[in-house]
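**Q** So here's structure_8.txt, just compact mmCIF, N, CA and C atoms and all ligand atoms:
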```txt
# COMPACT_ATOMS: atom_id res chain seq x y z
N MET K 10 5.18 -23.50 -1.06
CA MET K 10 6.38 -22.92 -1.66
C MET K 10 7.50 -23.96 -1.68
N SER K 11 8.09 -24.20 -2.83
CA SER K 11 9.15 -25.21 -2.94
C SER K 11 10.48 -24.65 -2.45
N ASP K 12 11.46 -25.57 -2.26
CA ASP K 12 12.80 -25.12 -1.84
C ASP K 12 13.39 -24.15 -2.86
N GLN K 13 13.17 -24.46 -4.15
CA GLN K 13 13.71 -23.58 -5.20
C GLN K 13 13.08 -22.18 -5.10
N ASP K 14 11.79 -22.16 -4.83
CA ASP K 14 11.12 -20.86 -4.68
C ASP K 14 11.72 -20.07 -3.53
N VAL K 15 12.04 -20.77 -2.42
CA VAL K 15 12.61 -20.09 -1.26
C VAL K 15 13.97 -19.51 -1.62
N ILE K 16 14.79 -20.31 -2.34
CA ILE K 16 16.12 -19.82 -2.75
C ILE K 16 15.97 -18.60 -3.67
N ASP K 17 15.05 -18.69 -4.62
CA ASP K 17 14.83 -17.57 -5.54
C ASP K 17 14.39 -16.32 -4.78
N LEU K 18 13.53 -16.52 -3.79
CA LEU K 18 13.03 -15.39 -3.01
C LEU K 18 14.16 -14.75 -2.21
N GLU K 19 15.02 -15.59 -1.61
CA GLU K 19 16.15 -15.06 -0.85
C GLU K 19 17.10 -14.26 -1.75
N LYS K 20 17.33 -14.80 -2.94
CA LYS K 20 18.17 -14.06 -3.90
C LYS K 20 17.54 -12.72 -4.25
N ALA K 21 16.23 -12.77 -4.47
CA ALA K 21 15.52 -11.54 -4.84
C ALA K 21 15.63 -10.51 -3.72
N ILE K 22 15.47 -10.97 -2.48
CA ILE K 22 15.54 -10.04 -1.34
C ILE K 22 16.95 -9.46 -1.23
N ASP K 23 17.97 -10.31 -1.40
CA ASP K 23 19.35 -9.83 -1.37
C ASP K 23 19.58 -8.75 -2.40
N ARG K 24 19.05 -8.97 -3.59
CA ARG K 24 19.28 -8.00 -4.66
C ARG K 24 18.53 -6.71 -4.39
N ILE K 25 17.36 -6.81 -3.78
CA ILE K 25 16.60 -5.60 -3.45
C ILE K 25 17.36 -4.80 -2.38
N ARG K 26 17.97 -5.53 -1.44
CA ARG K 26 18.69 -4.83 -0.37
C ARG K 26 19.99 -4.23 -0.86
N ASN K 27 20.49 -4.72 -1.98
CA ASN K 27 21.73 -4.20 -2.55
C ASN K 27 21.45 -3.75 -3.99
N PRO K 28 20.66 -2.70 -4.12
CA PRO K 28 20.17 -2.34 -5.46
C PRO K 28 21.26 -1.93 -6.43
N ASP K 29 22.44 -1.59 -5.90
CA ASP K 29 23.50 -1.14 -6.82
C ASP K 29 24.01 -2.25 -7.72
N VAL K 30 23.79 -3.51 -7.35
CA VAL K 30 24.29 -4.61 -8.17
C VAL K 30 23.35 -4.89 -9.35
N ILE K 31 22.19 -4.27 -9.33
CA ILE K 31 21.22 -4.53 -10.39
C ILE K 31 21.36 -3.48 -11.48
N GLU K 32 21.42 -3.96 -12.70
CA GLU K 32 21.41 -3.02 -13.81
C GLU K 32 19.98 -2.67 -14.12
N CYS K 33 19.67 -1.43 -13.95
CA CYS K 33 18.30 -0.98 -14.13
C CYS K 33 18.31 0.27 -14.99
N LYS K 34 17.42 0.33 -15.96
CA LYS K 34 17.33 1.51 -16.82
C LYS K 34 16.80 2.72 -16.07
N GLY K 35 16.14 2.46 -14.95
CA GLY K 35 15.54 3.54 -14.18
C GLY K 35 14.08 3.74 -14.53
N ILE K 36 13.42 4.50 -13.69
CA ILE K 36 12.00 4.80 -13.91
C ILE K 36 11.88 6.32 -14.04
N PHE K 37 11.27 6.73 -15.14
CA PHE K 37 11.24 8.16 -15.48
C PHE K 37 9.80 8.68 -15.56
N TYR K 38 9.67 9.93 -15.18
CA TYR K 38 8.36 10.59 -15.20
C TYR K 38 8.48 11.96 -15.86
N ARG K 39 7.39 12.40 -16.47
CA ARG K 39 7.32 13.75 -17.04
C ARG K 39 6.31 14.54 -16.21
N PHE K 40 6.79 15.69 -15.71
CA PHE K 40 5.90 16.52 -14.89
C PHE K 40 5.08 17.46 -15.76
N SER K 41 3.81 17.60 -15.43
CA SER K 41 3.01 18.62 -16.09
C SER K 41 2.09 19.28 -15.08
N SER K 42 1.82 20.53 -15.33
CA SER K 42 0.91 21.27 -14.46
C SER K 42 -0.03 22.10 -15.33
N SER K 43 -1.21 22.26 -14.85
CA SER K 43 -2.17 23.07 -15.60
C SER K 43 -3.15 23.72 -14.62
N VAL K 44 -3.70 24.83 -15.06
CA VAL K 44 -4.68 25.57 -14.27
C VAL K 44 -5.91 25.76 -15.14
N TYR K 45 -7.07 25.49 -14.61
CA TYR K 45 -8.28 25.68 -15.39
C TYR K 45 -9.47 26.01 -14.48
N LEU K 46 -10.51 26.51 -15.10
CA LEU K 46 -11.72 26.86 -14.37
C LEU K 46 -12.68 25.67 -14.45
N SER K 47 -13.14 25.22 -13.30
CA SER K 47 -14.05 24.09 -13.29
C SER K 47 -15.46 24.55 -13.65
N SER K 48 -16.35 23.59 -13.82
CA SER K 48 -17.74 23.93 -14.16
C SER K 48 -18.43 24.66 -13.01
N HIS K 49 -17.84 24.60 -11.81
CA HIS K 49 -18.41 25.32 -10.66
C HIS K 49 -17.66 26.62 -10.38
N ASP K 50 -16.91 27.07 -11.39
CA ASP K 50 -16.13 28.31 -11.29
C ASP K 50 -15.01 28.25 -10.26
N SER K 51 -14.64 27.04 -9.84
CA SER K 51 -13.45 26.92 -9.01
C SER K 51 -12.23 26.93 -9.91
N ILE K 52 -11.14 27.48 -9.38
CA ILE K 52 -9.88 27.41 -10.11
C ILE K 52 -9.20 26.11 -9.69
N GLU K 53 -8.96 25.25 -10.66
CA GLU K 53 -8.36 23.95 -10.38
C GLU K 53 -6.91 23.96 -10.82
N VAL K 54 -6.04 23.47 -9.94
CA VAL K 54 -4.63 23.33 -10.27
C VAL K 54 -4.32 21.84 -10.30
N ARG K 55 -3.80 21.39 -11.40
CA ARG K 55 -3.53 19.97 -11.54
C ARG K 55 -2.06 19.74 -11.82
N GLU K 56 -1.45 18.85 -11.04
CA GLU K 56 -0.06 18.50 -11.26
C GLU K 56 0.03 16.99 -11.41
N SER K 57 0.83 16.55 -12.35
CA SER K 57 0.97 15.10 -12.49
C SER K 57 2.38 14.73 -12.96
N TYR K 58 2.78 13.54 -12.55
CA TYR K 58 4.02 12.93 -13.01
C TYR K 58 3.63 11.70 -13.81
N ARG K 59 3.74 11.83 -15.14
CA ARG K 59 3.32 10.74 -16.01
C ARG K 59 4.50 9.79 -16.23
N LEU K 60 4.25 8.51 -16.00
CA LEU K 60 5.29 7.50 -16.21
C LEU K 60 5.66 7.42 -17.69
N LEU K 61 6.96 7.51 -17.99
CA LEU K 61 7.44 7.39 -19.37
C LEU K 61 7.79 5.93 -19.61
N LYS K 62 6.83 5.20 -20.13
CA LYS K 62 6.96 3.74 -20.20
C LYS K 62 8.08 3.29 -21.13
N ARG K 63 8.22 3.95 -22.30
CA ARG K 63 9.22 3.48 -23.26
C ARG K 63 10.63 3.74 -22.78
N LYS K 64 10.81 4.86 -22.06
CA LYS K 64 12.14 5.19 -21.57
C LYS K 64 12.49 4.40 -20.31
N SER K 65 11.47 4.02 -19.56
CA SER K 65 11.71 3.39 -18.27
C SER K 65 12.04 1.91 -18.40
N CYS K 66 12.65 1.40 -17.36
CA CYS K 66 12.97 -0.02 -17.26
C CYS K 66 11.69 -0.84 -17.40
N PRO K 67 11.73 -1.88 -18.24
CA PRO K 67 10.53 -2.70 -18.43
C PRO K 67 10.17 -3.50 -17.19
N GLY K 68 11.06 -3.54 -16.21
CA GLY K 68 10.73 -4.26 -14.98
C GLY K 68 11.89 -5.12 -14.54
N CYS K 69 12.39 -4.84 -13.35
CA CYS K 69 13.42 -5.67 -12.74
C CYS K 69 13.10 -5.68 -11.25
N LEU K 70 13.92 -6.37 -10.48
CA LEU K 70 13.61 -6.47 -9.05
C LEU K 70 13.62 -5.12 -8.36
N ARG K 71 14.53 -4.25 -8.86
CA ARG K 71 14.62 -2.94 -8.25
C ARG K 71 13.34 -2.13 -8.50
N CYS K 72 12.87 -2.16 -9.75
CA CYS K 72 11.62 -1.47 -10.07
C CYS K 72 10.46 -2.07 -9.31
N GLN K 73 10.47 -3.38 -9.22
CA GLN K 73 9.43 -4.08 -8.47
C GLN K 73 9.35 -3.52 -7.05
N GLN K 74 10.53 -3.21 -6.49
CA GLN K 74 10.57 -2.66 -5.13
C GLN K 74 9.83 -1.33 -5.06
N ILE K 75 9.97 -0.50 -6.08
CA ILE K 75 9.25 0.77 -6.08
C ILE K 75 7.75 0.52 -5.98
N HIS K 76 7.26 -0.38 -6.82
CA HIS K 76 5.82 -0.64 -6.84
C HIS K 76 5.35 -1.25 -5.52
N GLU K 77 6.18 -2.11 -4.95
CA GLU K 77 5.81 -2.71 -3.66
C GLU K 77 5.81 -1.66 -2.56
N ASP K 78 6.80 -0.77 -2.60
CA ASP K 78 6.86 0.30 -1.59
C ASP K 78 5.63 1.18 -1.66
N ILE K 79 5.23 1.52 -2.88
CA ILE K 79 4.06 2.38 -3.06
C ILE K 79 2.81 1.68 -2.53
N ALA K 80 2.68 0.39 -2.87
CA ALA K 80 1.50 -0.36 -2.45
C ALA K 80 1.46 -0.53 -0.94
N MET K 81 2.64 -0.75 -0.33
CA MET K 81 2.70 -1.04 1.11
C MET K 81 2.59 0.24 1.95
N ALA K 82 3.34 1.26 1.56
CA ALA K 82 3.49 2.41 2.45
C ALA K 82 2.76 3.66 1.95
N GLY K 83 2.36 3.66 0.69
CA GLY K 83 1.71 4.84 0.14
C GLY K 83 2.72 5.75 -0.52
N ILE K 84 2.33 6.31 -1.65
CA ILE K 84 3.27 7.10 -2.45
C ILE K 84 3.81 8.29 -1.66
N GLU K 85 2.99 8.89 -0.78
CA GLU K 85 3.44 10.08 -0.06
C GLU K 85 4.52 9.74 0.96
N ASN K 86 4.63 8.45 1.33
CA ASN K 86 5.62 8.05 2.32
C ASN K 86 6.90 7.50 1.70
N VAL K 87 6.88 7.14 0.44
CA VAL K 87 8.07 6.53 -0.16
C VAL K 87 8.71 7.40 -1.23
N PHE K 88 7.98 8.41 -1.72
CA PHE K 88 8.53 9.30 -2.74
C PHE K 88 8.80 10.67 -2.14
N VAL K 89 9.95 11.23 -2.50
CA VAL K 89 10.24 12.62 -2.16
C VAL K 89 10.14 13.41 -3.45
N PHE K 90 9.23 14.37 -3.47
CA PHE K 90 8.96 15.12 -4.70
C PHE K 90 9.82 16.38 -4.76
N PRO K 91 10.14 16.82 -5.98
CA PRO K 91 10.92 18.05 -6.10
C PRO K 91 10.14 19.24 -5.56
N LYS K 92 10.87 20.19 -4.99
CA LYS K 92 10.22 21.35 -4.37
C LYS K 92 9.60 22.27 -5.41
N ASP K 93 10.28 22.43 -6.53
CA ASP K 93 9.82 23.41 -7.51
C ASP K 93 9.85 22.79 -8.91
N PRO K 94 8.99 21.80 -9.15
CA PRO K 94 9.02 21.13 -10.46
C PRO K 94 8.53 22.06 -11.56
N LYS K 95 9.12 21.91 -12.74
CA LYS K 95 8.74 22.76 -13.88
C LYS K 95 7.98 21.93 -14.91
N HIS K 96 6.94 22.53 -15.46
CA HIS K 96 6.14 21.88 -16.48
C HIS K 96 7.02 21.39 -17.62
N GLY K 97 6.89 20.12 -17.97
CA GLY K 97 7.64 19.56 -19.09
C GLY K 97 8.95 18.90 -18.71
N ASP K 98 9.41 19.10 -17.47
CA ASP K 98 10.68 18.51 -17.07
C ASP K 98 10.53 17.01 -16.80
N MET K 99 11.66 16.30 -17.01
CA MET K 99 11.69 14.87 -16.75
C MET K 99 12.38 14.60 -15.42
N TYR K 100 11.85 13.61 -14.70
CA TYR K 100 12.41 13.25 -13.40
C TYR K 100 12.62 11.74 -13.33
N GLU K 101 13.67 11.36 -12.61
CA GLU K 101 13.93 9.94 -12.41
C GLU K 101 13.79 9.60 -10.93
N ALA K 102 13.17 8.46 -10.65
CA ALA K 102 13.07 8.00 -9.26
C ALA K 102 14.40 7.38 -8.86
N LYS K 103 15.11 8.05 -7.94
CA LYS K 103 16.42 7.58 -7.49
C LYS K 103 16.30 6.96 -6.10
N PHE K 104 16.94 5.82 -5.96
CA PHE K 104 16.96 5.12 -4.68
C PHE K 104 17.89 5.85 -3.72
N VAL K 105 17.40 6.15 -2.51
CA VAL K 105 18.24 6.79 -1.50
C VAL K 105 18.18 5.94 -0.23
N ALA K 106 19.35 5.46 0.19
CA ALA K 106 19.43 4.68 1.42
C ALA K 106 19.41 5.64 2.60
N ALA K 107 18.41 5.49 3.46
CA ALA K 107 18.27 6.41 4.59
C ALA K 107 19.01 5.89 5.82
N SER K 108 19.04 4.58 6.01
CA SER K 108 19.79 4.02 7.13
C SER K 108 20.22 2.59 6.79
N TRP K 109 21.27 2.16 7.49
CA TRP K 109 21.87 0.85 7.20
C TRP K 109 21.82 -0.03 8.44
N ASP K 110 21.65 -1.34 8.17
CA ASP K 110 21.79 -2.34 9.23
C ASP K 110 22.94 -3.24 8.77
N GLY K 111 24.14 -2.94 9.27
CA GLY K 111 25.32 -3.64 8.76
C GLY K 111 25.51 -3.27 7.31
N SER K 112 25.55 -4.30 6.44
CA SER K 112 25.75 -4.02 5.03
C SER K 112 24.42 -3.94 4.27
N TYR K 113 23.32 -4.05 5.00
CA TYR K 113 22.01 -3.99 4.34
C TYR K 113 21.35 -2.63 4.54
N VAL K 114 20.64 -2.23 3.53
CA VAL K 114 19.86 -1.00 3.66
C VAL K 114 18.63 -1.31 4.51
N ASP K 115 18.49 -0.54 5.58
CA ASP K 115 17.41 -0.79 6.54
C ASP K 115 16.17 0.02 6.19
N SER K 116 16.38 1.25 5.79
CA SER K 116 15.25 2.07 5.35
C SER K 116 15.70 2.94 4.19
N TRP K 117 14.75 3.27 3.35
CA TRP K 117 15.09 3.96 2.12
C TRP K 117 13.90 4.75 1.62
N TYR K 118 14.16 5.61 0.64
CA TYR K 118 13.07 6.30 -0.04
C TYR K 118 13.48 6.53 -1.49
N TRP K 119 12.54 7.01 -2.29
CA TRP K 119 12.80 7.28 -3.70
C TRP K 119 12.66 8.77 -3.92
N GLU K 120 13.70 9.36 -4.47
CA GLU K 120 13.70 10.80 -4.69
C GLU K 120 13.57 11.08 -6.19
N LEU K 121 12.59 11.90 -6.53
CA LEU K 121 12.45 12.28 -7.94
C LEU K 121 13.44 13.39 -8.22
N THR K 122 14.44 13.07 -9.05
CA THR K 122 15.47 14.05 -9.37
C THR K 122 15.38 14.42 -10.85
N LYS K 123 15.65 15.69 -11.12
CA LYS K 123 15.50 16.19 -12.47
C LYS K 123 16.54 15.59 -13.41
N VAL K 124 16.09 15.23 -14.60
CA VAL K 124 17.00 14.70 -15.62
C VAL K 124 17.22 15.81 -16.65
N GLU K 125 18.51 16.12 -16.88
CA GLU K 125 18.84 17.11 -17.91
C GLU K 125 18.71 16.43 -19.28
N GLU K 126 17.99 17.07 -20.17
CA GLU K 126 17.81 16.50 -21.51
C GLU K 126 18.56 17.35 -22.53
N GLY K 127 19.36 16.65 -23.32
CA GLY K 127 20.15 17.37 -24.31
C GLY K 127 19.27 17.71 -25.48
ZN ZN A 201 14.46 -1.79 -13.38
```
How does this structure look as structure tokens?
Ligand SMILES: [Zn+2]
**A**
Amino acid sequence: MSDQDVIDLEKAIDRIRNPDVIECKGIFYRFSSSVYLSSHDSIEVRESYRLLKRKSCPGCLRCQQIHEDIAMAGIENVFVFPKDPKHGDMYEAKFVAASWDGSYVDSWYWELTKVEEG
């Protein structure tokens, strides 16, 4: 790793720790749910949050952090899901600082919050 790479990495880490300075379009999902009978006569309930690629940020350091968090800690540990999601509603992954170490965010999570659509 070159000196320039180290400087770039430090800048990247600073920006991740202070996500408010980054202009990010956000990451959006569409919730859907369905119920169907399986081939074994089980009743299957399926819920999904589909990533809305065109509406979402094409990728910045902040978004990168979401993907890294999911890969490192698992989606169930980094995302807080809505309690009562409705089929067809749109949700945005919002950064929530859970604790601070001085001026740095020490721990955080991503909360899926409903987006009102006009
Ligand atoms: Zn972004």
**Q** Would you list the residues near (12.4, 13.5, -14.8) (no more than 6 Å away, in the coordinates of the file, using only C-alpha atoms) as a PyMOL selection string?
**A** chain K and resi 37-39+98-101+123-124
**Q** Which chain K residues have any atom within 8 Å of an atom of ligand ZN 201 (chain A), and for each, what is the nearest pair of atoms with distance in Å to one decimal, counting only N, CA and C atoms and all ligand atoms, rows sorted by chain and number, as a tab-separated table?
**A**
```
residue	atom	partner	partner_atom	distance
K:Ile31	C	A:ZN201	ZN	7.4
K:Glu32	C	A:ZN201	ZN	5.6
K:Cys33	CA	A:ZN201	ZN	4.0
K:Lys34	N	A:ZN201	ZN	4.5
K:Gly35	N	A:ZN201	ZN	4.8
K:Ile36	N	A:ZN201	ZN	6.4
K:Ser65	C	A:ZN201	ZN	6.7
K:Cys66	CA	A:ZN201	ZN	4.5
K:Pro67	N	A:ZN201	ZN	5.6
K:Gly68	C	A:ZN201	ZN	4.4
K:Cys69	N	A:ZN201	ZN	3.7
K:Leu70	N	A:ZN201	ZN	5.4
K:Arg71	C	A:ZN201	ZN	5.0
K:Cys72	N	A:ZN201	ZN	4.0
K:Gln73	N	A:ZN201	ZN	6.0
```
**Q** Please return, as a VMD selection string, all residues of chain K that DSSP assigns to alpha helix (DSSP H) on the basis of the backbone.
**A** chain K and resid 12 to 26 70 to 82 84 to 87
**Q** How would the residues just chosen look if you wrote them out with N, CA and C atoms as a short mmCIF file (atom, residue, chain, number, x, y, z; two decimals), keeping the file's coordinate frame?
**A**
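As written to disk, result-v1.cif reads:
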```cif
data_model
loop_
_atom_site.label_atom_id
_atom_site.label_comp_id
_atom_site.auth_asym_id
_atom_site.auth_seq_id
_atom_site.Cartn_x
_atom_site.Cartn_y
_atom_site.Cartn_z
N ASP K 12 11.46 -25.57 -2.26
CA ASP K 12 12.80 -25.12 -1.84
C ASP K 12 13.39 -24.15 -2.86
N GLN K 13 13.17 -24.46 -4.15
CA GLN K 13 13.71 -23.58 -5.20
C GLN K 13 13.08 -22.18 -5.10
N ASP K 14 11.79 -22.16 -4.83
CA ASP K 14 11.12 -20.86 -4.68
C ASP K 14 11.72 -20.07 -3.53
N VAL K 15 12.04 -20.77 -2.42
CA VAL K 15 12.61 -20.09 -1.26
C VAL K 15 13.97 -19.51 -1.62
N ILE K 16 14.79 -20.31 -2.34
CA ILE K 16 16.12 -19.82 -2.75
C ILE K 16 15.97 -18.60 -3.67
N ASP K 17 15.05 -18.69 -4.62
CA ASP K 17 14.83 -17.57 -5.54
C ASP K 17 14.39 -16.32 -4.78
N LEU K 18 13.53 -16.52 -3.79
CA LEU K 18 13.03 -15.39 -3.01
C LEU K 18 14.16 -14.75 -2.21
N GLU K 19 15.02 -15.59 -1.61
CA GLU K 19 16.15 -15.06 -0.85
C GLU K 19 17.10 -14.26 -1.75
N LYS K 20 17.33 -14.80 -2.94
CA LYS K 20 18.17 -14.06 -3.90
C LYS K 20 17.54 -12.72 -4.25
N ALA K 21 16.23 -12.77 -4.47
CA ALA K 21 15.52 -11.54 -4.84
C ALA K 21 15.63 -10.51 -3.72
N ILE K 22 15.47 -10.97 -2.48
CA ILE K 22 15.54 -10.04 -1.34
C ILE K 22 16.95 -9.46 -1.23
N ASP K 23 17.97 -10.31 -1.40
CA ASP K 23 19.35 -9.83 -1.37
C ASP K 23 19.58 -8.75 -2.40
N ARG K 24 19.05 -8.97 -3.59
CA ARG K 24 19.28 -8.00 -4.66
C ARG K 24 18.53 -6.71 -4.39
N ILE K 25 17.36 -6.81 -3.78
CA ILE K 25 16.60 -5.60 -3.45
C ILE K 25 17.36 -4.80 -2.38
N ARG K 26 17.97 -5.53 -1.44
CA ARG K 26 18.69 -4.83 -0.37
C ARG K 26 19.99 -4.23 -0.86
N LEU K 70 13.92 -6.37 -10.48
CA LEU K 70 13.61 -6.47 -9.05
C LEU K 70 13.62 -5.12 -8.36
N ARG K 71 14.53 -4.25 -8.86
CA ARG K 71 14.62 -2.94 -8.25
C ARG K 71 13.34 -2.13 -8.50
N CYS K 72 12.87 -2.16 -9.75
CA CYS K 72 11.62 -1.47 -10.07
C CYS K 72 10.46 -2.07 -9.31
N GLN K 73 10.47 -3.38 -9.22
CA GLN K 73 9.43 -4.08 -8.47
C GLN K 73 9.35 -3.52 -7.05
N GLN K 74 10.53 -3.21 -6.49
CA GLN K 74 10.57 -2.66 -5.13
C GLN K 74 9.83 -1.33 -5.06
N ILE K 75 9.97 -0.50 -6.08
CA ILE K 75 9.25 0.77 -6.08
C ILE K 75 7.75 0.52 -5.98
N HIS K 76 7.26 -0.38 -6.82
CA HIS K 76 5.82 -0.64 -6.84
C HIS K 76 5.35 -1.25 -5.52
N GLU K 77 6.18 -2.11 -4.95
CA GLU K 77 5.81 -2.71 -3.66
C GLU K 77 5.81 -1.66 -2.56
N ASP K 78 6.80 -0.77 -2.60
CA ASP K 78 6.86 0.30 -1.59
C ASP K 78 5.63 1.18 -1.66
N ILE K 79 5.23 1.52 -2.88
CA ILE K 79 4.06 2.38 -3.06
C ILE K 79 2.81 1.68 -2.53
N ALA K 80 2.68 0.39 -2.87
CA ALA K 80 1.50 -0.36 -2.45
C ALA K 80 1.46 -0.53 -0.94
N MET K 81 2.64 -0.75 -0.33
CA MET K 81 2.70 -1.04 1.11
C MET K 81 2.59 0.24 1.95
N ALA K 82 3.34 1.26 1.56
CA ALA K 82 3.49 2.41 2.45
C ALA K 82 2.76 3.66 1.95
N ILE K 84 2.33 6.31 -1.65
CA ILE K 84 3.27 7.10 -2.45
C ILE K 84 3.81 8.29 -1.66
N GLU K 85 2.99 8.89 -0.78
CA GLU K 85 3.44 10.08 -0.06
C GLU K 85 4.52 9.74 0.96
N ASN K 86 4.63 8.45 1.33
CA ASN K 86 5.62 8.05 2.32
C ASN K 86 6.90 7.50 1.70
N VAL K 87 6.88 7.14 0.44
CA VAL K 87 8.07 6.53 -0.16
C VAL K 87 8.71 7.40 -1.23
#
```
**Q** By how many Å are atom C of K:Ala102 and atom N of K:Phe88 apart?
**A**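 The value is 9.7 Å.
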**Q** DSSP on the backbone, strand (DSSP E or B) only: what residues of chain K does that give? Format it as a compact mmCIF listing (two decimals) with N, CA and C atoms, in the frame of the given file.
**A**
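As a result, states_31.txt now contains:
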```
# COMPACT_ATOMS: atom_id res chain seq x y z
N PHE K 37 11.27 6.73 -15.14
CA PHE K 37 11.24 8.16 -15.48
C PHE K 37 9.80 8.68 -15.56
N TYR K 38 9.67 9.93 -15.18
CA TYR K 38 8.36 10.59 -15.20
C TYR K 38 8.48 11.96 -15.86
N ARG K 39 7.39 12.40 -16.47
CA ARG K 39 7.32 13.75 -17.04
C ARG K 39 6.31 14.54 -16.21
N PHE K 40 6.79 15.69 -15.71
CA PHE K 40 5.90 16.52 -14.89
C PHE K 40 5.08 17.46 -15.76
N SER K 41 3.81 17.60 -15.43
CA SER K 41 3.01 18.62 -16.09
C SER K 41 2.09 19.28 -15.08
N SER K 42 1.82 20.53 -15.33
CA SER K 42 0.91 21.27 -14.46
C SER K 42 -0.03 22.10 -15.33
N SER K 43 -1.21 22.26 -14.85
CA SER K 43 -2.17 23.07 -15.60
C SER K 43 -3.15 23.72 -14.62
N VAL K 44 -3.70 24.83 -15.06
CA VAL K 44 -4.68 25.57 -14.27
C VAL K 44 -5.91 25.76 -15.14
N TYR K 45 -7.07 25.49 -14.61
CA TYR K 45 -8.28 25.68 -15.39
C TYR K 45 -9.47 26.01 -14.48
N LEU K 46 -10.51 26.51 -15.10
CA LEU K 46 -11.72 26.86 -14.37
C LEU K 46 -12.68 25.67 -14.45
N ILE K 52 -11.14 27.48 -9.38
CA ILE K 52 -9.88 27.41 -10.11
C ILE K 52 -9.20 26.11 -9.69
N GLU K 53 -8.96 25.25 -10.66
CA GLU K 53 -8.36 23.95 -10.38
C GLU K 53 -6.91 23.96 -10.82
N VAL K 54 -6.04 23.47 -9.94
CA VAL K 54 -4.63 23.33 -10.27
C VAL K 54 -4.32 21.84 -10.30
N ARG K 55 -3.80 21.39 -11.40
CA ARG K 55 -3.53 19.97 -11.54
C ARG K 55 -2.06 19.74 -11.82
N GLU K 56 -1.45 18.85 -11.04
CA GLU K 56 -0.06 18.50 -11.26
C GLU K 56 0.03 16.99 -11.41
N SER K 57 0.83 16.55 -12.35
CA SER K 57 0.97 15.10 -12.49
C SER K 57 2.38 14.73 -12.96
N TYR K 58 2.78 13.54 -12.55
CA TYR K 58 4.02 12.93 -13.01
C TYR K 58 3.63 11.70 -13.81
N ARG K 59 3.74 11.83 -15.14
CA ARG K 59 3.32 10.74 -16.01
C ARG K 59 4.50 9.79 -16.23
N LEU K 60 4.25 8.51 -16.00
CA LEU K 60 5.29 7.50 -16.21
C LEU K 60 5.66 7.42 -17.69
N PHE K 88 7.98 8.41 -1.72
CA PHE K 88 8.53 9.30 -2.74
C PHE K 88 8.80 10.67 -2.14
N VAL K 89 9.95 11.23 -2.50
CA VAL K 89 10.24 12.62 -2.16
C VAL K 89 10.14 13.41 -3.45
N MET K 99 11.66 16.30 -17.01
CA MET K 99 11.69 14.87 -16.75
C MET K 99 12.38 14.60 -15.42
N TYR K 100 11.85 13.61 -14.70
CA TYR K 100 12.41 13.25 -13.40
C TYR K 100 12.62 11.74 -13.33
N GLU K 101 13.67 11.36 -12.61
CA GLU K 101 13.93 9.94 -12.41
C GLU K 101 13.79 9.60 -10.93
N ALA K 102 13.17 8.46 -10.65
CA ALA K 102 13.07 8.00 -9.26
C ALA K 102 14.40 7.38 -8.86
N LYS K 103 15.11 8.05 -7.94
CA LYS K 103 16.42 7.58 -7.49
C LYS K 103 16.30 6.96 -6.10
N PHE K 104 16.94 5.82 -5.96
CA PHE K 104 16.96 5.12 -4.68
C PHE K 104 17.89 5.85 -3.72
N VAL K 105 17.40 6.15 -2.51
CA VAL K 105 18.24 6.79 -1.50
C VAL K 105 18.18 5.94 -0.23
N ALA K 106 19.35 5.46 0.19
CA ALA K 106 19.43 4.68 1.42
C ALA K 106 19.41 5.64 2.60
N ALA K 107 18.41 5.49 3.46
CA ALA K 107 18.27 6.41 4.59
C ALA K 107 19.01 5.89 5.82
N SER K 108 19.04 4.58 6.01
CA SER K 108 19.79 4.02 7.13
C SER K 108 20.22 2.59 6.79
N TRP K 109 21.27 2.16 7.49
CA TRP K 109 21.87 0.85 7.20
C TRP K 109 21.82 -0.03 8.44
N ASP K 110 21.65 -1.34 8.17
CA ASP K 110 21.79 -2.34 9.23
C ASP K 110 22.94 -3.24 8.77
N TYR K 113 23.32 -4.05 5.00
CA TYR K 113 22.01 -3.99 4.34
C TYR K 113 21.35 -2.63 4.54
N VAL K 114 20.64 -2.23 3.53
CA VAL K 114 19.86 -1.00 3.66
C VAL K 114 18.63 -1.31 4.51
N ASP K 115 18.49 -0.54 5.58
CA ASP K 115 17.41 -0.79 6.54
C ASP K 115 16.17 0.02 6.19
N SER K 116 16.38 1.25 5.79
CA SER K 116 15.25 2.07 5.35
C SER K 116 15.70 2.94 4.19
N TRP K 117 14.75 3.27 3.35
CA TRP K 117 15.09 3.96 2.12
C TRP K 117 13.90 4.75 1.62
N TYR K 118 14.16 5.61 0.64
CA TYR K 118 13.07 6.30 -0.04
C TYR K 118 13.48 6.53 -1.49
N TRP K 119 12.54 7.01 -2.29
CA TRP K 119 12.80 7.28 -3.70
C TRP K 119 12.66 8.77 -3.92
N GLU K 120 13.70 9.36 -4.47
CA GLU K 120 13.70 10.80 -4.69
C GLU K 120 13.57 11.08 -6.19
N LEU K 121 12.59 11.90 -6.53
CA LEU K 121 12.45 12.28 -7.94
C LEU K 121 13.44 13.39 -8.22
N THR K 122 14.44 13.07 -9.05
CA THR K 122 15.47 14.05 -9.37
C THR K 122 15.38 14.42 -10.85
N LYS K 123 15.65 15.69 -11.12
CA LYS K 123 15.50 16.19 -12.47
C LYS K 123 16.54 15.59 -13.41
N VAL K 124 16.09 15.23 -14.60
CA VAL K 124 17.00 14.70 -15.62
C VAL K 124 17.22 15.81 -16.65
```
**Q** What separation in Å, quoted to one decimal, exists between atom CA of K:Glu53 and atom N of K:Ser41?
**A**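 Distance reported for this atom pair: 14.6 Å.
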**Q** Under the rule that only C-alpha atoms are counted, which of K:Ser116, K:Gly127, K:Gln74, K:Thr122 is the nearest residue to K:Phe40?
**A**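 Closest to K:Phe40, using only C-alpha atoms: K:Thr122.
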**Q** Could you work out how far atom CA of K:Gly111 lies from atom CA of K:Ile84, giving the answer in Å with one decimal?
**A**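 Going from atom CA of K:Ile84 over to atom CA of K:Gly111, I get 27.0 Å.
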**Q** Could you pull the residues within 7 Å of K:Tyr118, counting only C-alpha atoms, minus those fewer than 3 positions along the same chain, as a PyMOL selection string?
**A** chain K and resi 87-88+104-107
